[in-house]
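Structure first, then comments.
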Amino acid sequence: MKTIINFLIFSIIFLSFASCVKKEEQTMSDLDKLRNSNNRLTYPAVQMDSAQAINTITTQKVQQLLELSTLYLSGNRNTEIDTVIFSQMQSYFHEPDSMTFKPLFKELESLKVKSVKVNNLKVYKEIQHQDTLDFAKFNVEYFDRKNKSIGTFEKNAQYTLVSKPIKFKKEFKFYFVNFYQPLKKDSTLVGVTR
């Protein structure tokens, strides 16, 4: 009987030691993971339909143009880097002219905006005189120097997608036609119904 008790105590102690010993798993270093990975396994491709893709691209372009505008306005507007920023801003427009940025700059300067954030962007189409026009309606939140919110404003921009076929692929180039275009008013006057 004493040998059975000793055997049980010995087996319990042995099992407790065995469970305490942590087996080191053979892990791959980050460098080895990067070296042995490829895009097919590590980063799965996400398929978007054309509406989602247009919405995503439009959101990026609006955010980038607004960030470039605040950066341009914070400078002297006469240095080489300001010239580069301004020419990059013009590249976002299909046919930029001297009046393209006036409403945008006027609003950003009057509110002393230092940074922006675009929210709730929705793209839609309007038919005007047998033409289909693409628009984006979005909310833009302005922030001041101390990163305090100045306010959120509803804005509208007209854009176009220009076909640029490249090596048997149909690709499009995104351009703004009008930025901060006023929203279309309802044609019915208040109190006038028939």
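Ordering of the structure tokens sets the chain letters (A, B, ...), residue numbers begin anew at 1 in every chain, and ligands are numbered from 1 in the order given.
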
Within 7 Å of range 127-134 of chain A, counting only C-alpha atoms, which residues qualify if same-chain residues fewer than 5 places away don't, as a list in words?
-> Gln158, Tyr159 and Thr160 of chain A

Quick one: everything within 10 Å of Leu73 in chain A, counting only C-alpha atoms, minus sequence neighbours fewer than 6 positions away in the same chain. Send it as a list in words.
-> Glu67, Asp82, Phe86, Phe105, Leu108, Glu109, Lys112, Val113 and Lys114 of chain A

Can I get the selection written as a short mmCIF file (atom, residue, chain, number, x, y, z; two decimals), in the first residue's frame, with all heavy atoms?
data_model
loop_
_atom_site.label_atom_id
_atom_site.label_comp_id
_atom_site.auth_asym_id
_atom_site.auth_seq_id
_atom_site.Cartn_x
_atom_site.Cartn_y
_atom_site.Cartn_z
N GLU A 67 -6.59 69.04 -47.85
CA GLU A 67 -5.33 69.08 -47.09
C GLU A 67 -4.28 69.92 -47.82
O GLU A 67 -3.55 70.70 -47.21
CB GLU A 67 -4.81 67.67 -46.84
CG GLU A 67 -5.60 66.91 -45.81
CD GLU A 67 -5.19 65.46 -45.66
OE1 GLU A 67 -4.33 64.98 -46.44
OE2 GLU A 67 -5.73 64.79 -44.77
N ASP A 82 5.36 76.25 -52.45
CA ASP A 82 3.98 76.69 -52.64
C ASP A 82 3.56 76.55 -54.10
O ASP A 82 2.42 76.18 -54.40
CB ASP A 82 3.82 78.14 -52.18
CG ASP A 82 3.98 78.29 -50.68
OD1 ASP A 82 3.68 77.32 -49.95
OD2 ASP A 82 4.41 79.37 -50.23
N PHE A 86 0.52 74.25 -55.37
CA PHE A 86 -0.56 74.81 -56.18
C PHE A 86 -0.71 74.06 -57.50
O PHE A 86 -1.83 73.78 -57.93
CB PHE A 86 -0.32 76.30 -56.43
CG PHE A 86 -1.51 76.99 -57.01
CD1 PHE A 86 -2.61 77.29 -56.23
CD2 PHE A 86 -1.55 77.32 -58.36
CE1 PHE A 86 -3.72 77.91 -56.78
CE2 PHE A 86 -2.65 77.94 -58.91
CZ PHE A 86 -3.75 78.24 -58.12
N PHE A 105 -10.60 78.88 -51.10
CA PHE A 105 -9.64 79.68 -50.34
C PHE A 105 -10.33 80.72 -49.46
O PHE A 105 -9.93 80.95 -48.32
CB PHE A 105 -8.65 80.38 -51.27
CG PHE A 105 -7.65 79.46 -51.91
CD1 PHE A 105 -6.86 79.90 -52.96
CD2 PHE A 105 -7.49 78.14 -51.49
CE1 PHE A 105 -5.92 79.07 -53.55
CE2 PHE A 105 -6.57 77.30 -52.08
CZ PHE A 105 -5.79 77.76 -53.11
N LEU A 108 -11.77 78.91 -46.36
CA LEU A 108 -10.72 78.42 -45.46
C LEU A 108 -10.01 79.57 -44.75
O LEU A 108 -9.69 79.47 -43.56
CB LEU A 108 -9.72 77.57 -46.23
CG LEU A 108 -10.24 76.24 -46.81
CD1 LEU A 108 -9.16 75.55 -47.63
CD2 LEU A 108 -10.75 75.33 -45.72
N GLU A 109 -9.75 80.66 -45.47
CA GLU A 109 -9.08 81.81 -44.85
C GLU A 109 -9.98 82.53 -43.86
O GLU A 109 -9.53 82.94 -42.79
CB GLU A 109 -8.63 82.80 -45.93
CG GLU A 109 -7.41 82.35 -46.67
CD GLU A 109 -7.00 83.34 -47.75
OE1 GLU A 109 -7.88 83.84 -48.50
OE2 GLU A 109 -5.79 83.62 -47.83
N LYS A 112 -10.06 80.58 -40.72
CA LYS A 112 -8.72 80.27 -40.21
C LYS A 112 -8.55 78.78 -39.97
O LYS A 112 -8.17 78.33 -38.89
CB LYS A 112 -8.42 81.08 -38.96
CG LYS A 112 -8.44 82.57 -39.21
CD LYS A 112 -8.16 83.35 -37.97
CE LYS A 112 -8.24 84.83 -38.31
NZ LYS A 112 -8.19 85.68 -37.16
N VAL A 113 -8.83 78.00 -41.00
CA VAL A 113 -8.78 76.54 -40.94
C VAL A 113 -7.34 76.06 -41.06
O VAL A 113 -6.60 76.52 -41.92
CB VAL A 113 -9.64 75.94 -42.07
CG1 VAL A 113 -9.53 74.42 -42.08
CG2 VAL A 113 -11.09 76.36 -41.91
N LYS A 114 -6.95 75.13 -40.19
CA LYS A 114 -5.61 74.54 -40.26
C LYS A 114 -5.62 73.08 -40.66
O LYS A 114 -4.64 72.55 -41.14
CB LYS A 114 -4.89 74.69 -38.91
CG LYS A 114 -4.55 76.12 -38.58
CD LYS A 114 -3.63 76.70 -39.63
CE LYS A 114 -3.45 78.18 -39.43
NZ LYS A 114 -2.88 78.85 -40.57
#

Coordinates-based distance that separates CA of Glu154 in chain A from CA of Glu141 in chain A (Å, one decimal) |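 Interatomic distance, CA of Glu141 in chain A to CA of Glu154 in chain A: 9.0 Å.
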
Distance query Phe143 in chain A at most 8 Å, only C-alpha atoms, self and fewer than 6 positions along chain excluded, as a ChimeraX atom specification = /A:113-116,149-151

Export of the given selection (N, CA, C and O atoms) as a PDB file, in the first residue's frame:
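result33.pdb written:
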ATOM      1  N   VAL A 113      -8.825  78.004 -41.000  1.00  0.00           N
ATOM      2  CA  VAL A 113      -8.784  76.537 -40.937  1.00  0.00           C
ATOM      3  C   VAL A 113      -7.341  76.064 -41.061  1.00  0.00           C
ATOM      4  O   VAL A 113      -6.600  76.524 -41.920  1.00  0.00           O
ATOM      5  N   LYS A 114      -6.954  75.134 -40.195  1.00  0.00           N
ATOM      6  CA  LYS A 114      -5.609  74.545 -40.257  1.00  0.00           C
ATOM      7  C   LYS A 114      -5.625  73.078 -40.663  1.00  0.00           C
ATOM      8  O   LYS A 114      -4.636  72.552 -41.141  1.00  0.00           O
ATOM      9  N   SER A 115      -6.747  72.384 -40.441  1.00  0.00           N
ATOM     10  CA  SER A 115      -6.868  70.994 -40.882  1.00  0.00           C
ATOM     11  C   SER A 115      -8.337  70.681 -41.133  1.00  0.00           C
ATOM     12  O   SER A 115      -9.231  71.390 -40.662  1.00  0.00           O
ATOM     13  N   VAL A 116      -8.570  69.613 -41.894  1.00  0.00           N
ATOM     14  CA  VAL A 116      -9.922  69.249 -42.299  1.00  0.00           C
ATOM     15  C   VAL A 116     -10.118  67.742 -42.197  1.00  0.00           C
ATOM     16  O   VAL A 116      -9.156  66.977 -42.196  1.00  0.00           O
ATOM     17  N   SER A 149     -12.585  71.858 -33.121  1.00  0.00           N
ATOM     18  CA  SER A 149     -13.519  71.869 -34.241  1.00  0.00           C
ATOM     19  C   SER A 149     -14.136  73.257 -34.410  1.00  0.00           C
ATOM     20  O   SER A 149     -14.643  73.849 -33.453  1.00  0.00           O
ATOM     21  N   ILE A 150     -14.075  73.773 -35.621  1.00  0.00           N
ATOM     22  CA  ILE A 150     -14.719  75.042 -35.951  1.00  0.00           C
ATOM     23  C   ILE A 150     -16.173  74.790 -36.315  1.00  0.00           C
ATOM     24  O   ILE A 150     -17.049  75.581 -36.002  1.00  0.00           O
ATOM     25  N   GLY A 151     -16.426  73.679 -36.974  1.00  0.00           N
ATOM     26  CA  GLY A 151     -17.782  73.321 -37.370  1.00  0.00           C
ATOM     27  C   GLY A 151     -17.769  72.315 -38.503  1.00  0.00           C
ATOM     28  O   GLY A 151     -16.746  72.071 -39.133  1.00  0.00           O
TER      29      GLY A 151
END

Range 67-120 of chain A: residues DSSP assigns to strand (DSSP E or B), reported as a PyMOL selection string = chain A and resi 93+115-120

Counting only C-alpha atoms, the option among A:Thr100, A:Asn119, A:Gln52, A:Ser110 closest to Phe179 in chain A |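 Under the stated criterion, the closest residue is A:Thr100.
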
Two-atom distance - CA of Arg77 in chain A, CA of Phe101 in chain A (Å) |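 Computing the Euclidean distance for CA of Arg77 in chain A and CA of Phe101 in chain A yields 13.5 Å.
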
Can you work out which one of A:Val62, A:Ile12, A:Val140, A:Val84 has the shortest atom-to-atom distance to Phe176 in chain A, counting only C-alpha atoms?
->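 Among the listed residues, the smallest separation from Phe176 in chain A belongs to A:Val62.
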
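One distance worth recording is that between CA of Lys122 in chain A and CA of Phe138 in chain A, which is 6.3 Å.
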
Taking into account only C-alpha atoms, which residue in the set A:Lys125, A:Lys117, A:Val177, A:Asn147 is nearest to Thr59 in chain A?
->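 Looking at the shortest contact to Thr59 in chain A, the residue is A:Lys117.
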
Please identify all polymer residues within 9 Å of Lys61 in chain A, counting only C-alpha atoms, omitting same-chain residues fewer than 2 positions from it, and present them as JSON, numbers by chain.
-> {"A": [56, 57, 58, 59, 63, 64, 65, 66, 92, 174, 175, 176]}
